[in-house]
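These notes concern the structure reproduced below.
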Amino acid sequence: MNSPIGILDSGLGGLSVFNEVRALMPDETLIYFGDSAWCPYGAREAEEIQQRVFKVTDFLLAQGCKIIIIACNSATITAVEALRATYPIPFVGMEPGVKPAAAFTKTGTIGVLATEASLAGEKFHQLLSTHGQGLRIITRPCPSFVDLVENGELHGAKAHAIVKEETLPLIGAGADVLVLGCTHYPFLRPLIQEVAGATVKILDTGAAVARHAKSLIDEPLASQHKAKHQIFTTGSLKKLERLFPALCPNTPLQEIALHQSAL
Ligand code: DGL
């Protein structure tokens, strides 16, 4: 059997990346780890995030993963370099799409929605100095978006009110591009687009990360031996069972096994 691809996040948000990876590489077996008991990472100190990410990585390596996608901007910004220096397998990280946003904006004002941990990271500041020169970049942490997604509240009056409160100030400031710099946020994309208006471009990097991961996998596939995708959570299994179909509507339930982890 082919070795699996590991995907990790602080919780359920990385399932937005799982969806892209599964769509692009349907013959690969995926092991997803959502650290929901420790979510949000975005409000934690870098050292604590690193400790959790190393623990989850050890778990994924013990499952035989050949490559790990850090489907979490906060974890990437705080830990990816340390991971690459420690383990021999490839790690694919996420970063807020400031580069494509800079190429797209006409007003010269970009809104970046991301966690506090991501916005505070050295790697994010490097990204701004490389790609954000001459642009007005307005950053905004949206921890309430993470709560909405972890609770499966992707529609309805409460989600709408929260999305409006976080998004409208950026549009009011002239942003014509919004960067979703946290993997939870794409699940709120339809609402964000509705609130921001059709002319505002909304960018996330999930599909680009899936393509990058694919380019690093060179072994031939043995699709007839594909195993089920394994989805682990340190949070509530019941919640995962309830939310998975809404977050991953294109993944048939026969293709997956859901587990609770006490990691
Ligand atoms: N999904 C995570 C990210 O991309 C963070 C959410 C959180 O745990 O704060 O940054």
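We name chains A, B, ... following the order of the structure tokens; residues begin at 1 in each chain, and ligands are numbered from 1 as shown.
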
Query raised in the report: range 126-137 of chain A: which residues within 7 Å, counting only C-alpha atoms, same-chain residues fewer than 5 positions away excluded, as a ChimeraX atom specification?
Result: /A:98-99,102,108-111

For the residues in the current selection, export C-alpha atoms as a PDB file, in the first residue's frame.
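The result, written out as result_7.pdb:
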ATOM      1  CA  VAL A  98      -0.285  38.159   0.141  1.00  0.00           C
ATOM      2  CA  LYS A  99       1.657  37.516  -3.073  1.00  0.00           C
ATOM      3  CA  ALA A 102      -0.593  42.051  -4.411  1.00  0.00           C
ATOM      4  CA  GLY A 108      -3.644  49.072  -3.495  1.00  0.00           C
ATOM      5  CA  THR A 109      -5.415  48.116  -0.262  1.00  0.00           C
ATOM      6  CA  ILE A 110      -5.504  44.491   0.855  1.00  0.00           C
ATOM      7  CA  GLY A 111      -7.256  43.005   3.867  1.00  0.00           C
TER       8      GLY A 111
END

Using only C-alpha atoms, tabulate the residues of range 166-247 of chain A lying at most 7 Å from any atom of range 27-33 of chain A, each with its closest atom pair and that distance in Å to one decimal, by chain and increasing residue number, as a Markdown table.
| residue | atom | partner | partner_atom | distance |
| --- | --- | --- | --- | --- |
| A:Leu221 | CA | A:Asp27 | CA | 7.0 |
| A:Ser223 | CA | A:Asp27 | CA | 5.2 |
| A:Lys226 | CA | A:Thr29 | CA | 6.1 |
| A:Ala227 | CA | A:Thr29 | CA | 5.9 |
| A:Lys228 | CA | A:Thr29 | CA | 6.6 |
| A:His229 | CA | A:Leu30 | CA | 4.9 |
| A:Gln230 | CA | A:Ile31 | CA | 4.8 |
| A:Ile231 | CA | A:Tyr32 | CA | 4.7 |
| A:Phe232 | CA | A:Phe33 | CA | 4.8 |
| A:Thr233 | CA | A:Phe33 | CA | 6.0 |

Resulting file, chosen residues, C-alpha atoms, as a PDB file, in the first residue's frame:
ATOM      1  CA  LEU A 221       0.277   5.198  -7.107  1.00  0.00           C
ATOM      2  CA  SER A 223      -4.749   2.946  -6.418  1.00  0.00           C
ATOM      3  CA  LYS A 226      -6.086   2.601  -1.374  1.00  0.00           C
ATOM      4  CA  ALA A 227      -7.126   2.493   2.299  1.00  0.00           C
ATOM      5  CA  LYS A 228      -9.809   4.580   3.964  1.00  0.00           C
ATOM      6  CA  HIS A 229      -8.940   8.121   4.958  1.00  0.00           C
ATOM      7  CA  GLN A 230      -8.419   8.326   8.725  1.00  0.00           C
ATOM      8  CA  ILE A 231      -9.681  11.449  10.491  1.00  0.00           C
ATOM      9  CA  PHE A 232      -8.539  12.026  14.076  1.00  0.00           C
ATOM     10  CA  THR A 233      -9.727  14.650  16.551  1.00  0.00           C
TER      11      THR A 233
END

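With only C-alpha atoms as the basis for measurement, A:Gly6 is the residue among A:Gly6, A:Pro252, A:Pro96, A:Pro90 that approaches Phe18 in chain A most closely.
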
**Report entry** All strand (DSSP E or B) positions in range 149-249 of chain A, as an MDAnalysis selection string
**Finding:** chainID A and resid 177:181 201:203 229:233

Now that the selection is made, can you save its residues with N, CA, C and O atoms as an mmCIF file, in the first residue's frame?
data_model
loop_
_atom_site.group_PDB
_atom_site.id
_atom_site.type_symbol
_atom_site.label_atom_id
_atom_site.label_comp_id
_atom_site.auth_asym_id
_atom_site.auth_seq_id
_atom_site.Cartn_x
_atom_site.Cartn_y
_atom_site.Cartn_z
ATOM 1 N N VAL A 177 -9.312 43.228 -2.157
ATOM 2 C CA VAL A 177 -8.934 41.817 -2.040
ATOM 3 C C VAL A 177 -8.915 41.472 -0.562
ATOM 4 O O VAL A 177 -8.363 42.227 0.255
ATOM 5 N N LEU A 178 -9.504 40.329 -0.229
ATOM 6 C CA LEU A 178 -9.412 39.827 1.145
ATOM 7 C C LEU A 178 -8.663 38.502 1.112
ATOM 8 O O LEU A 178 -9.023 37.592 0.362
ATOM 9 N N VAL A 179 -7.620 38.410 1.919
ATOM 10 C CA VAL A 179 -6.833 37.181 2.002
ATOM 11 C C VAL A 179 -7.329 36.395 3.214
ATOM 12 O O VAL A 179 -7.335 36.921 4.329
ATOM 13 N N LEU A 180 -7.750 35.159 2.972
ATOM 14 C CA LEU A 180 -8.167 34.306 4.087
ATOM 15 C C LEU A 180 -6.925 33.556 4.560
ATOM 16 O O LEU A 180 -6.542 32.534 4.005
ATOM 17 N N GLY A 181 -6.278 34.107 5.589
ATOM 18 C CA GLY A 181 -4.991 33.569 6.043
ATOM 19 C C GLY A 181 -5.127 32.601 7.196
ATOM 20 O O GLY A 181 -4.237 32.520 8.044
ATOM 21 N N LYS A 201 -12.350 40.440 -4.388
ATOM 22 C CA LYS A 201 -11.710 39.137 -4.640
ATOM 23 C C LYS A 201 -11.343 38.509 -3.293
ATOM 24 O O LYS A 201 -10.741 39.167 -2.440
ATOM 25 N N ILE A 202 -11.692 37.237 -3.139
ATOM 26 C CA ILE A 202 -11.360 36.544 -1.886
ATOM 27 C C ILE A 202 -10.384 35.422 -2.211
ATOM 28 O O ILE A 202 -10.662 34.584 -3.076
ATOM 29 N N LEU A 203 -9.254 35.426 -1.530
ATOM 30 C CA LEU A 203 -8.189 34.467 -1.860
ATOM 31 C C LEU A 203 -7.864 33.572 -0.665
ATOM 32 O O LEU A 203 -7.774 34.044 0.459
ATOM 33 N N HIS A 229 -9.539 6.953 4.316
ATOM 34 C CA HIS A 229 -8.940 8.121 4.958
ATOM 35 C C HIS A 229 -9.237 8.041 6.452
ATOM 36 O O HIS A 229 -10.354 7.702 6.849
ATOM 37 N N GLN A 230 -8.237 8.357 7.264
ATOM 38 C CA GLN A 230 -8.419 8.326 8.725
ATOM 39 C C GLN A 230 -8.486 9.767 9.211
ATOM 40 O O GLN A 230 -7.611 10.572 8.877
ATOM 41 N N ILE A 231 -9.518 10.081 9.972
ATOM 42 C CA ILE A 231 -9.681 11.449 10.491
ATOM 43 C C ILE A 231 -9.656 11.376 12.008
ATOM 44 O O ILE A 231 -10.509 10.710 12.613
ATOM 45 N N PHE A 232 -8.674 12.038 12.615
ATOM 46 C CA PHE A 232 -8.539 12.026 14.076
ATOM 47 C C PHE A 232 -8.890 13.401 14.649
ATOM 48 O O PHE A 232 -8.550 14.433 14.054
ATOM 49 N N THR A 233 -9.516 13.392 15.831
ATOM 50 C CA THR A 233 -9.727 14.650 16.551
ATOM 51 C C THR A 233 -9.362 14.453 18.016
ATOM 52 O O THR A 233 -9.615 13.382 18.578
#

Query raised in the report: CA of Asp218 in chain A to CA of Ile256 in chain A: how many Å, to one decimal?
Result: 24.3 Å

Query raised in the report: Between A:Glu153, A:Glu116, A:Glu166, A:Glu255, which has the minimum distance to ligand 1 (counting only C-alpha atoms and all ligand atoms)?
Result: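 Once distances to ligand 1 are computed over only C-alpha atoms and all ligand atoms, the minimum belongs to A:Glu116.
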
Per-residue nearest contacts of chain A to ligand 1 (9 Å; only C-alpha atoms and all ligand atoms) as JSON lines:
{"residue": "A:Asp9", "atom": "CA", "partner": "ligand 1", "partner_atom_place_in_ligand_line": "1 (N)", "distance": 5.9}
{"residue": "A:Ser10", "atom": "CA", "partner": "ligand 1", "partner_atom_place_in_ligand_line": "8 (O)", "distance": 4.6}
{"residue": "A:Gly11", "atom": "CA", "partner": "ligand 1", "partner_atom_place_in_ligand_line": "8 (O)", "distance": 6.4}
{"residue": "A:Leu12", "atom": "CA", "partner": "ligand 1", "partner_atom_place_in_ligand_line": "1 (N)", "distance": 7.5}
{"residue": "A:Gly13", "atom": "CA", "partner": "ligand 1", "partner_atom_place_in_ligand_line": "1 (N)", "distance": 4.9}
{"residue": "A:Gly14", "atom": "CA", "partner": "ligand 1", "partner_atom_place_in_ligand_line": "1 (N)", "distance": 6.0}
{"residue": "A:Asp35", "atom": "CA", "partner": "ligand 1", "partner_atom_place_in_ligand_line": "8 (O)", "distance": 8.5}
{"residue": "A:Ser36", "atom": "CA", "partner": "ligand 1", "partner_atom_place_in_ligand_line": "8 (O)", "distance": 8.0}
{"residue": "A:Trp38", "atom": "CA", "partner": "ligand 1", "partner_atom_place_in_ligand_line": "8 (O)", "distance": 7.6}
{"residue": "A:Cys39", "atom": "CA", "partner": "ligand 1", "partner_atom_place_in_ligand_line": "8 (O)", "distance": 4.6}
{"residue": "A:Pro40", "atom": "CA", "partner": "ligand 1", "partner_atom_place_in_ligand_line": "8 (O)", "distance": 3.2}
{"residue": "A:Tyr41", "atom": "CA", "partner": "ligand 1", "partner_atom_place_in_ligand_line": "8 (O)", "distance": 3.6}
{"residue": "A:Gly42", "atom": "CA", "partner": "ligand 1", "partner_atom_place_in_ligand_line": "9 (O)", "distance": 3.3}
{"residue": "A:Ala43", "atom": "CA", "partner": "ligand 1", "partner_atom_place_in_ligand_line": "9 (O)", "distance": 6.2}
{"residue": "A:Arg44", "atom": "CA", "partner": "ligand 1", "partner_atom_place_in_ligand_line": "9 (O)", "distance": 8.2}
{"residue": "A:Ile70", "atom": "CA", "partner": "ligand 1", "partner_atom_place_in_ligand_line": "4 (O)", "distance": 8.8}
{"residue": "A:Ala71", "atom": "CA", "partner": "ligand 1", "partner_atom_place_in_ligand_line": "4 (O)", "distance": 6.4}
{"residue": "A:Cys72", "atom": "CA", "partner": "ligand 1", "partner_atom_place_in_ligand_line": "4 (O)", "distance": 3.4}
{"residue": "A:Asn73", "atom": "CA", "partner": "ligand 1", "partner_atom_place_in_ligand_line": "4 (O)", "distance": 3.8}
{"residue": "A:Ser74", "atom": "CA", "partner": "ligand 1", "partner_atom_place_in_ligand_line": "10 (O)", "distance": 3.9}
{"residue": "A:Ala75", "atom": "CA", "partner": "ligand 1", "partner_atom_place_in_ligand_line": "10 (O)", "distance": 6.6}
{"residue": "A:Thr76", "atom": "CA", "partner": "ligand 1", "partner_atom_place_in_ligand_line": "10 (O)", "distance": 8.0}
{"residue": "A:Ile77", "atom": "CA", "partner": "ligand 1", "partner_atom_place_in_ligand_line": "10 (O)", "distance": 8.6}
{"residue": "A:Met94", "atom": "CA", "partner": "ligand 1", "partner_atom_place_in_ligand_line": "4 (O)", "distance": 7.5}
{"residue": "A:Glu95", "atom": "CA", "partner": "ligand 1", "partner_atom_place_in_ligand_line": "4 (O)", "distance": 8.4}
{"residue": "A:Pro96", "atom": "CA", "partner": "ligand 1", "partner_atom_place_in_ligand_line": "4 (O)", "distance": 8.7}
{"residue": "A:Ala114", "atom": "CA", "partner": "ligand 1", "partner_atom_place_in_ligand_line": "10 (O)", "distance": 6.4}
{"residue": "A:Thr115", "atom": "CA", "partner": "ligand 1", "partner_atom_place_in_ligand_line": "10 (O)", "distance": 5.6}
{"residue": "A:Glu116", "atom": "CA", "partner": "ligand 1", "partner_atom_place_in_ligand_line": "9 (O)", "distance": 7.8}
{"residue": "A:Ala117", "atom": "CA", "partner": "ligand 1", "partner_atom_place_in_ligand_line": "10 (O)", "distance": 7.7}
{"residue": "A:Ser118", "atom": "CA", "partner": "ligand 1", "partner_atom_place_in_ligand_line": "10 (O)", "distance": 6.4}
{"residue": "A:Cys142", "atom": "CA", "partner": "ligand 1", "partner_atom_place_in_ligand_line": "9 (O)", "distance": 8.7}
{"residue": "A:Pro143", "atom": "CA", "partner": "ligand 1", "partner_atom_place_in_ligand_line": "9 (O)", "distance": 6.3}
{"residue": "A:Phe145", "atom": "CA", "partner": "ligand 1", "partner_atom_place_in_ligand_line": "6 (C)", "distance": 8.7}
{"residue": "A:Val146", "atom": "CA", "partner": "ligand 1", "partner_atom_place_in_ligand_line": "6 (C)", "distance": 5.7}
{"residue": "A:Asp147", "atom": "CA", "partner": "ligand 1", "partner_atom_place_in_ligand_line": "7 (C)", "distance": 8.8}
{"residue": "A:Leu180", "atom": "CA", "partner": "ligand 1", "partner_atom_place_in_ligand_line": "4 (O)", "distance": 8.8}
{"residue": "A:Gly181", "atom": "CA", "partner": "ligand 1", "partner_atom_place_in_ligand_line": "4 (O)", "distance": 6.3}
{"residue": "A:Cys182", "atom": "CA", "partner": "ligand 1", "partner_atom_place_in_ligand_line": "4 (O)", "distance": 3.3}
{"residue": "A:Thr183", "atom": "CA", "partner": "ligand 1", "partner_atom_place_in_ligand_line": "4 (O)", "distance": 4.0}
{"residue": "A:His184", "atom": "CA", "partner": "ligand 1", "partner_atom_place_in_ligand_line": "1 (N)", "distance": 4.8}
{"residue": "A:Tyr185", "atom": "CA", "partner": "ligand 1", "partner_atom_place_in_ligand_line": "1 (N)", "distance": 7.7}

Query raised in the report: In Å, with one decimal, what is the gap from CA of Lys66 in chain A to CA of Ser3 in chain A?
Result: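 For CA of Lys66 in chain A relative to CA of Ser3 in chain A, the distance reads 5.8 Å.
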
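The coordinates place CA of Ala159 in chain A at 15.9 Å from CA of Leu113 in chain A.
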
Query raised in the report: Residues of range 26-263 of chain A in alpha helix (DSSP H) according to DSSP, as a count of residues only?
Result: 108
